[in-house]
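**Q** The following block contains the structure, expressed as structure tokens.
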Amino acid sequence: MTVANSVSMSQSIAGRYAQAVFDIVRDDGGLDDLARQTDDLGAALSDSADLRSLISSPLYTRDDQARAIAALARKMGFSTVLANTLQLMARNRRLFVLPQLVRQLQALIADERGEVTADVTSAVALTDEQQARLRDTLAQKSGKNVKLNTRVDDSLIGGMIVKLGSQMIDSSVRSKLASLQNAMKEVG
């Protein structure tokens, strides 16, 4: 099996679980809670090397994974639907697709709400006012509500990189210096 096939299979597995959770919760009117819980789960995956190890290491048994995921779900206050889905995933040895599940649930929720997420990388942290202006500008451009995922990368020197869907706007000083350097090479 190639890497592309395993990624595709993981997306497919995660997609089925995500769609099932989404459909049940949407019918019950709990999308706001699911959105919060999904974001919390994504943050836990980002912040905890132990959690990432638990979901991907073959050293943990199904029972180990199920007990750990049940404890996590209780501690984080997950809904019964999400907690039961995570338990099912543990019993079926499918926890390795948890990052894809989080991304697909976030995408389904955003689509239902008419939202789009913009990934913003800036040289310095954006103020609340700058984020609001950027969000408003992107909302006008896309015609949707915009949620910002921001991060700081000081190697940009100045400016920012904005990814909105398939579009990317790179106004970083690093990018402009690289363009200038390429132009100088062509001249000399």
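Residues are referred to by chain and number: the chain letter is A, B, ... according to the order shown in the structure tokens, the number counts from 1 in that chain, and ligands are numbered separately from 1 in the order shown.
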Which residues are close to A:Asp23, i.e. within 12 Å by only C-alpha atoms, leaving aside same-chain residues fewer than 4 positions away? Reply as a list in words.
**A**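 So, after excluding close chain neighbours, the residues are Gly15, Arg16, Tyr17, Ala18, Gln19, Asp27, Asp28, Gly29, Gly30, Leu31, Leu34, Val81, Leu82, Leu105, Leu108, Ile109 and Glu112 of chain A.
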**Q** Mind checking which residues fall within 8 Å of stretch 84-96 of chain A, counting only C-alpha atoms, ignoring those fewer than 6 positions away in the same chain, and posting them as a list in words?
**A** Ile13, Tyr17, Val21, Ile55, Ser56, Arg62, Asp63, Gln65, Ala66, Ile69 and Ala70 of chain A
**Q** For the residues in that selection, give me N, CA, C and O atoms as an mmCIF file, in the first residue's frame.
**A**
```cif
data_model
loop_
_atom_site.group_PDB
_atom_site.id
_atom_site.type_symbol
_atom_site.label_atom_id
_atom_site.label_comp_id
_atom_site.auth_asym_id
_atom_site.auth_seq_id
_atom_site.Cartn_x
_atom_site.Cartn_y
_atom_site.Cartn_z
ATOM 1 N N ILE A 13 -12.075 6.679 6.370
ATOM 2 C CA ILE A 13 -12.522 6.185 7.676
ATOM 3 C C ILE A 13 -12.991 7.356 8.534
ATOM 4 O O ILE A 13 -14.081 7.336 9.103
ATOM 5 N N TYR A 17 -16.981 8.377 10.152
ATOM 6 C CA TYR A 17 -17.257 8.684 11.564
ATOM 7 C C TYR A 17 -17.717 10.136 11.718
ATOM 8 O O TYR A 17 -18.668 10.417 12.440
ATOM 9 N N VAL A 21 -21.370 11.395 13.256
ATOM 10 C CA VAL A 21 -21.472 12.261 14.435
ATOM 11 C C VAL A 21 -22.181 13.562 14.073
ATOM 12 O O VAL A 21 -23.094 14.006 14.773
ATOM 13 N N ILE A 55 -2.955 7.327 20.441
ATOM 14 C CA ILE A 55 -3.806 7.021 19.284
ATOM 15 C C ILE A 55 -3.040 6.364 18.145
ATOM 16 O O ILE A 55 -3.646 5.765 17.266
ATOM 17 N N SER A 56 -1.705 6.449 18.157
ATOM 18 C CA SER A 56 -0.962 5.929 17.007
ATOM 19 C C SER A 56 -0.055 4.741 17.319
ATOM 20 O O SER A 56 0.356 4.038 16.407
ATOM 21 N N ARG A 62 -6.422 -2.377 22.779
ATOM 22 C CA ARG A 62 -7.744 -1.772 22.581
ATOM 23 C C ARG A 62 -8.318 -1.299 23.920
ATOM 24 O O ARG A 62 -8.896 -0.216 24.010
ATOM 25 N N ASP A 63 -8.163 -2.152 24.944
ATOM 26 C CA ASP A 63 -8.693 -1.805 26.262
ATOM 27 C C ASP A 63 -7.992 -0.590 26.845
ATOM 28 O O ASP A 63 -8.634 0.277 27.442
ATOM 29 N N GLN A 65 -6.568 1.840 25.155
ATOM 30 C CA GLN A 65 -7.046 3.000 24.407
ATOM 31 C C GLN A 65 -8.471 3.372 24.826
ATOM 32 O O GLN A 65 -8.771 4.551 25.019
ATOM 33 N N ALA A 66 -9.320 2.365 24.970
ATOM 34 C CA ALA A 66 -10.718 2.633 25.329
ATOM 35 C C ALA A 66 -10.813 3.288 26.708
ATOM 36 O O ALA A 66 -11.571 4.247 26.892
ATOM 37 N N ILE A 69 -9.412 6.932 26.432
ATOM 38 C CA ILE A 69 -10.317 7.808 25.689
ATOM 39 C C ILE A 69 -11.577 8.086 26.506
ATOM 40 O O ILE A 69 -12.098 9.209 26.497
ATOM 41 N N ALA A 70 -12.068 7.097 27.251
ATOM 42 C CA ALA A 70 -13.240 7.313 28.105
ATOM 43 C C ALA A 70 -12.919 8.342 29.189
ATOM 44 O O ALA A 70 -13.728 9.240 29.463
#
```
**Q** Identify all residues of chain A in alpha helix (DSSP H) (DSSP on the backbone) and supply them as an NGL selection string.
**A** :A and (3-28 or 31-47 or 49-56 or 62-76 or 80-91 or 98-113 or 128-142 or 173-187)
**Q** Need to verify the contact set: A:Ala125, 12 Å, only C-alpha atoms, exclusion of same-chain residues closer than 3 positions in sequence. Can you return it as a tab-separated table (two decimals) with N, CA, C and O atoms, in the first residue's frame?
**A**
```tsv
chain	number	residue	atom	x	y	z
A	120	VAL	N	-3.72	32.29	8.99
A	120	VAL	CA	-2.94	33.52	8.92
A	120	VAL	C	-1.63	33.32	9.69
A	120	VAL	O	-1.65	32.98	10.87
A	121	THR	N	-0.52	33.51	8.99
A	121	THR	CA	0.79	33.45	9.61
A	121	THR	C	1.38	34.84	9.52
A	121	THR	O	1.49	35.40	8.42
A	122	SER	N	1.73	35.41	10.66
A	122	SER	CA	2.25	36.78	10.67
A	122	SER	C	3.59	36.81	11.40
A	122	SER	O	3.92	35.92	12.17
A	128	ASP	N	-6.27	42.49	18.44
A	128	ASP	CA	-7.69	42.17	18.22
A	128	ASP	C	-8.27	43.04	17.11
A	128	ASP	O	-9.06	42.57	16.29
A	129	GLU	N	-7.87	44.31	17.07
A	129	GLU	CA	-8.37	45.22	16.03
A	129	GLU	C	-7.89	44.78	14.65
A	129	GLU	O	-8.67	44.78	13.68
A	130	GLN	N	-6.62	44.38	14.54
A	130	GLN	CA	-6.10	43.91	13.25
A	130	GLN	C	-6.81	42.64	12.81
A	130	GLN	O	-7.15	42.48	11.63
A	131	GLN	N	-7.06	41.73	13.75
A	131	GLN	CA	-7.78	40.50	13.42
A	131	GLN	C	-9.19	40.82	12.94
A	131	GLN	O	-9.67	40.22	11.97
A	149	ASN	N	-7.41	31.30	11.96
A	149	ASN	CA	-6.43	30.50	12.68
A	149	ASN	C	-5.13	31.26	12.55
A	149	ASN	O	-4.56	31.33	11.45
A	150	THR	N	-4.66	31.84	13.63
A	150	THR	CA	-3.46	32.67	13.54
A	150	THR	C	-2.28	31.99	14.21
A	150	THR	O	-2.44	31.23	15.17
A	151	ARG	N	-1.12	32.25	13.66
A	151	ARG	CA	0.12	31.81	14.30
A	151	ARG	C	1.21	32.81	13.93
A	151	ARG	O	1.09	33.56	12.95
A	152	VAL	N	2.27	32.82	14.72
A	152	VAL	CA	3.37	33.76	14.53
A	152	VAL	C	4.59	33.00	14.03
A	152	VAL	O	4.93	31.93	14.53
A	153	ASP	N	5.24	33.56	13.00
A	153	ASP	CA	6.49	33.02	12.47
A	153	ASP	C	7.42	34.21	12.24
A	153	ASP	O	7.28	34.93	11.25
A	154	ASP	N	8.34	34.41	13.17
A	154	ASP	CA	9.19	35.60	13.08
A	154	ASP	C	10.18	35.54	11.91
A	154	ASP	O	10.79	36.55	11.57
A	158	GLY	N	8.45	40.51	8.44
A	158	GLY	CA	7.34	41.46	8.52
A	158	GLY	C	6.24	40.98	7.61
A	158	GLY	O	6.42	40.08	6.79
A	159	GLY	N	5.05	41.55	7.75
A	159	GLY	CA	3.94	41.17	6.88
A	159	GLY	C	3.27	39.89	7.33
A	159	GLY	O	3.40	39.47	8.48
A	160	MET	N	2.53	39.26	6.40
A	160	MET	CA	1.80	38.04	6.74
A	160	MET	C	1.52	37.21	5.49
A	160	MET	O	1.64	37.69	4.37
```
**Q** Between atom CA of A:Arg103 and atom CA of A:Ser46, what is the spacing in Å?
**A**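 It comes out at 12.3 Å.
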**Q** For A:Leu138, find every residue with an atom within 12 Å (counting only C-alpha atoms), except residues of its own chain fewer than 3 positions away, and show them as a PDB file with C-alpha atoms, in the first residue's frame.
**A**
```pdb
ATOM      1  CA  GLU A 115     -18.095  29.786   7.541  1.00  0.00           C
ATOM      2  CA  VAL A 116     -14.677  29.531   6.027  1.00  0.00           C
ATOM      3  CA  THR A 117     -11.363  29.316   7.885  1.00  0.00           C
ATOM      4  CA  ALA A 118      -8.400  31.477   6.975  1.00  0.00           C
ATOM      5  CA  ASP A 119      -4.943  30.406   8.111  1.00  0.00           C
ATOM      6  CA  VAL A 120      -2.936  33.520   8.921  1.00  0.00           C
ATOM      7  CA  GLN A 131      -7.779  40.504  13.420  1.00  0.00           C
ATOM      8  CA  ALA A 132     -11.220  42.124  13.217  1.00  0.00           C
ATOM      9  CA  ARG A 133     -10.223  44.224  10.181  1.00  0.00           C
ATOM     10  CA  LEU A 134      -8.660  41.205   8.458  1.00  0.00           C
ATOM     11  CA  ARG A 135     -11.735  39.076   9.235  1.00  0.00           C
ATOM     12  CA  LYS A 141     -14.027  38.959  -0.386  1.00  0.00           C
ATOM     13  CA  SER A 142     -15.426  35.464   0.259  1.00  0.00           C
ATOM     14  CA  GLY A 143     -19.042  36.313   1.056  1.00  0.00           C
ATOM     15  CA  LYS A 144     -18.882  34.035   4.115  1.00  0.00           C
ATOM     16  CA  ASN A 145     -18.221  34.367   7.803  1.00  0.00           C
ATOM     17  CA  VAL A 146     -14.477  34.014   8.366  1.00  0.00           C
ATOM     18  CA  LYS A 147     -12.794  32.271  11.268  1.00  0.00           C
ATOM     19  CA  LEU A 148      -9.084  33.024  11.695  1.00  0.00           C
ATOM     20  CA  VAL A 162      -3.056  34.420   4.427  1.00  0.00           C
ATOM     21  CA  LYS A 163      -4.506  31.151   3.112  1.00  0.00           C
ATOM     22  CA  LEU A 164      -8.220  31.236   2.395  1.00  0.00           C
ATOM     23  CA  GLY A 165      -9.450  28.091   0.740  1.00  0.00           C
ATOM     24  CA  GLN A 167      -6.038  31.105  -2.413  1.00  0.00           C
ATOM     25  CA  MET A 168      -2.836  32.278  -0.786  1.00  0.00           C
ATOM     26  CA  ILE A 169      -1.772  35.881  -0.306  1.00  0.00           C
TER      27      ILE A 169
END
```
